[in-house]
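**Q** Pasting a structure below so you can have a look.
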Amino acid sequence: GPSVRKNVSYRRYEHTCGHRQDVSVANMRHGDVDCAGCGQSWTSKPSRIYLLDFTLPDLPVIKLGFSSNPEFRMRQVQIAPEVTKGSVLRSVSLETGHRAICVEKALHSHIKAHRPDLIVPPDLFRSDIRTTSEIYHRHGRSYISALLDAVEAGWDPSTQTSNVA
């Protein structure tokens with residue numbers, strides 16, 4: 001049926017175990033799906049939404065993302081750790097990787113819609129951090145932390161109709 005996230009690229013599917021989840025139509029077509037209830041991949045294992053801090057040579061930034069191991073992810077994205085001096089500011093535990101990626105994508109959409117001024121253009125960080133997006137100006141820390149507080153309190157941004165693609 002229709003997805004909970006109100007996105008036409010997704011449908012709600014029910015696995016044989018009874019677990020229901022939104023899955024992109026493209027992933028379903030290619031068989032790139034694992035049940036977040038009974039599956040064995042990252043989608044079904046506990047995960048976290050994280051907020052990382054980096055001191056780039058010309059700009060202090062933060063990164064919002066998801067991973068089952070934020071400390072490893074922080075080390076993974078740094079090209080020269082002795083220069084960028086990354087640290088994990090906080091993480092919010094979620095029951096599954098599937099849930100974490102849904103919430104993470106919705107948070108990025110929310111920020112893009114409500115605080116696009118926080119988004120750092122890739123040209124300013126690509127020589128220091130291995131990612132193409134999800135980097136924000138450090139002065140947005142309190143705003144993004146408030147969003148994470150809301151997620152911890154039960155807010156589900158992936159069910160909002162105001163998401164921006």
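Scheme for the structure tokens: letters A, B, ... for chains in order shown; per-chain residue numbers from 1; ligand numbers from 1 in order shown.
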Near A:Ile101, within 9 Å and counting only C-alpha atoms, which residues show up once chain neighbours fewer than 6 positions away are dropped, as number ranges by chain?
**A** A: 43, 47, 49, 65-67
**Q** Among the residues of stretch 63-112 of chain A, find those DSSP assigns to helix (DSSP H, G or I) from the backbone and print them as a VMD selection string.
**A** chain A and resid 70 to 77 81 to 84 97 to 112
**Q** Atoms to include: N, CA and C atoms. Write the selected residues as a compact mmCIF listing (two decimals), in the first residue's frame.
**A**
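See result_7.txt below for the written result:
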```txt
# COMPACT_ATOMS: atom_id res chain seq x y z
N PRO A 70 29.21 5.08 15.08
CA PRO A 70 29.58 6.45 14.73
C PRO A 70 31.07 6.76 14.86
N GLU A 71 31.77 6.14 15.82
CA GLU A 71 33.20 6.38 15.99
C GLU A 71 33.96 5.89 14.76
N PHE A 72 33.60 4.70 14.27
CA PHE A 72 34.24 4.18 13.06
C PHE A 72 33.93 5.07 11.86
N ARG A 73 32.67 5.47 11.74
CA ARG A 73 32.27 6.34 10.62
C ARG A 73 33.06 7.65 10.65
N MET A 74 33.25 8.20 11.84
CA MET A 74 34.01 9.45 11.96
C MET A 74 35.43 9.26 11.41
N ARG A 75 36.08 8.16 11.79
CA ARG A 75 37.43 7.90 11.30
C ARG A 75 37.43 7.62 9.79
N GLN A 76 36.39 6.95 9.33
CA GLN A 76 36.29 6.56 7.92
C GLN A 76 36.20 7.76 6.97
N VAL A 77 35.50 8.81 7.37
CA VAL A 77 35.29 9.94 6.45
C VAL A 77 36.43 10.95 6.44
N PRO A 81 43.03 12.76 9.51
CA PRO A 81 42.50 12.96 10.87
C PRO A 81 43.29 13.93 11.72
N GLU A 82 44.60 13.99 11.51
CA GLU A 82 45.41 14.91 12.30
C GLU A 82 45.10 16.36 11.97
N VAL A 83 44.50 16.60 10.81
CA VAL A 83 44.12 17.95 10.39
C VAL A 83 42.69 18.26 10.78
N THR A 84 41.77 17.33 10.52
CA THR A 84 40.34 17.60 10.73
C THR A 84 39.88 17.37 12.16
N GLY A 97 18.66 -0.30 11.48
CA GLY A 97 19.31 0.52 10.46
C GLY A 97 18.29 1.10 9.49
N HIS A 98 17.25 0.33 9.19
CA HIS A 98 16.20 0.83 8.30
C HIS A 98 15.54 2.07 8.90
N ARG A 99 15.23 2.00 10.17
CA ARG A 99 14.62 3.14 10.84
C ARG A 99 15.59 4.33 10.85
N ALA A 100 16.86 4.05 11.12
CA ALA A 100 17.86 5.11 11.17
C ALA A 100 18.00 5.83 9.84
N ILE A 101 18.04 5.09 8.74
CA ILE A 101 18.21 5.76 7.44
C ILE A 101 16.96 6.57 7.09
N CYS A 102 15.79 6.07 7.46
CA CYS A 102 14.55 6.83 7.20
C CYS A 102 14.56 8.15 7.97
N VAL A 103 14.91 8.10 9.25
CA VAL A 103 14.94 9.30 10.08
C VAL A 103 16.04 10.24 9.59
N GLU A 104 17.22 9.69 9.29
CA GLU A 104 18.32 10.53 8.82
C GLU A 104 17.95 11.28 7.55
N LYS A 105 17.41 10.60 6.57
CA LYS A 105 17.02 11.25 5.30
C LYS A 105 15.96 12.33 5.55
N ALA A 106 15.03 12.04 6.44
CA ALA A 106 13.99 13.01 6.75
C ALA A 106 14.56 14.24 7.46
N LEU A 107 15.55 14.04 8.32
CA LEU A 107 16.18 15.18 8.99
C LEU A 107 16.90 16.06 7.99
N HIS A 108 17.61 15.46 7.04
CA HIS A 108 18.28 16.26 6.00
C HIS A 108 17.25 17.04 5.19
N SER A 109 16.14 16.42 4.86
CA SER A 109 15.08 17.11 4.11
C SER A 109 14.50 18.26 4.92
N HIS A 110 14.32 18.02 6.21
CA HIS A 110 13.78 19.06 7.10
C HIS A 110 14.74 20.26 7.16
N ILE A 111 16.02 19.98 7.32
CA ILE A 111 17.01 21.06 7.37
C ILE A 111 17.03 21.81 6.04
N LYS A 112 17.00 21.07 4.94
CA LYS A 112 17.01 21.71 3.63
C LYS A 112 15.81 22.63 3.45
```
**Q** Given only C-alpha atoms as the basis, pick out the residue of A:Lys63, A:Glu152, A:Tyr143, A:Arg90 nearest to A:Arg130.
**A** A:Lys63
**Q** Tell me, as a ChimeraX atom specification, which residues lie within 7 Å of A:Val88, counting only C-alpha atoms; anything in the same chain fewer than 5 positions away does not count.
**A** /A:51-53,71
**Q** Let's see if you can do this: from backbone DSSP, list all strand (DSSP E) residues in stretch 50-157 of chain A, as a list in words.
**A**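 Selecting the strand (DSSP E) positions of stretch 50-157 of chain A gives Tyr50, Leu51, Leu52, Asp53, Phe54, Thr55, Pro60, Val61, Ile62, Lys63, Leu64, Gly65, Phe66, Ser67, Ser87, Val88, Leu89, Arg90, Ser91, Val92, Ser93, Leu94, Ile135, Tyr136 and His137 of chain A.
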**Q** Can you tell me which residues surround A:Cys38 at a distance of at most 12 Å, considering only C-alpha atoms, apart from same-chain residues fewer than 4 positions away, and format the answer as a PyMOL selection string?
**A** chain A and resi 14-21+33-34+42-45+96+98
**Q** Choose the residue, out of A:Ile129, A:Leu94, A:Ile62, A:Val8, that has the smallest atom-to-atom separation from A:Ala26; count only C-alpha atoms.
**A**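 Between A:Ile129, A:Leu94, A:Ile62, A:Val8, the residue approaching A:Ala26 most closely is A:Val8.
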**Q** As a list in words, please: the residues near A:Val61 (cut-off 6 Å, only C-alpha atoms, same-chain neighbours under 3 positions excluded).
**A**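 Contacts, in chain order: Phe54, Tyr136, His137 and Arg138 of chain A.
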**Q** Keeping only all heavy atoms, take the residues you just selected and write them out as a JSON list (two decimals), in the first residue's frame.
**A**
```json
[["chain", "number", "residue", "atom", "x", "y", "z"],
["A", 54, "PHE", "N", 33.98, 18.40, 12.99],
["A", 54, "PHE", "CA", 35.28, 18.43, 12.32],
["A", 54, "PHE", "C", 35.79, 19.86, 12.28],
["A", 54, "PHE", "O", 35.02, 20.80, 12.07],
["A", 54, "PHE", "CB", 35.19, 17.91, 10.88],
["A", 54, "PHE", "CG", 34.75, 16.48, 10.79],
["A", 54, "PHE", "CD1", 33.46, 16.16, 10.42],
["A", 54, "PHE", "CD2", 35.64, 15.45, 11.07],
["A", 54, "PHE", "CE1", 33.05, 14.85, 10.33],
["A", 54, "PHE", "CE2", 35.23, 14.12, 10.98],
["A", 54, "PHE", "CZ", 33.93, 13.82, 10.61],
["A", 136, "TYR", "N", 27.19, 20.42, 7.58],
["A", 136, "TYR", "CA", 26.53, 21.67, 7.97],
["A", 136, "TYR", "C", 27.53, 22.58, 8.69],
["A", 136, "TYR", "O", 28.51, 22.11, 9.28],
["A", 136, "TYR", "CB", 25.34, 21.36, 8.88],
["A", 136, "TYR", "CG", 24.32, 20.47, 8.20],
["A", 136, "TYR", "CD1", 24.29, 19.11, 8.43],
["A", 136, "TYR", "CD2", 23.42, 21.01, 7.28],
["A", 136, "TYR", "CE1", 23.37, 18.30, 7.78],
["A", 136, "TYR", "CE2", 22.50, 20.20, 6.62],
["A", 136, "TYR", "CZ", 22.49, 18.84, 6.88],
["A", 136, "TYR", "OH", 21.59, 18.05, 6.22],
["A", 137, "HIS", "N", 27.23, 23.86, 8.67],
["A", 137, "HIS", "CA", 28.05, 24.83, 9.41],
["A", 137, "HIS", "C", 27.92, 24.54, 10.91],
["A", 137, "HIS", "O", 26.83, 24.23, 11.40],
["A", 137, "HIS", "CB", 27.58, 26.26, 9.11],
["A", 137, "HIS", "CG", 27.90, 26.70, 7.71],
["A", 137, "HIS", "ND1", 29.18, 27.05, 7.32],
["A", 137, "HIS", "CD2", 27.10, 26.82, 6.62],
["A", 137, "HIS", "CE1", 29.16, 27.37, 6.04],
["A", 137, "HIS", "NE2", 27.92, 27.25, 5.58],
["A", 138, "ARG", "N", 29.01, 24.67, 11.62],
["A", 138, "ARG", "CA", 29.03, 24.36, 13.04],
["A", 138, "ARG", "C", 28.04, 25.23, 13.83],
["A", 138, "ARG", "O", 27.49, 24.78, 14.84],
["A", 138, "ARG", "CB", 30.43, 24.49, 13.61],
["A", 138, "ARG", "CG", 30.50, 23.96, 15.05],
["A", 138, "ARG", "CD", 31.88, 24.11, 15.65],
["A", 138, "ARG", "NE", 32.79, 23.10, 15.12],
["A", 138, "ARG", "CZ", 34.11, 23.18, 15.24],
["A", 138, "ARG", "NH1", 34.67, 24.21, 15.85],
["A", 138, "ARG", "NH2", 34.89, 22.24, 14.76]]
```
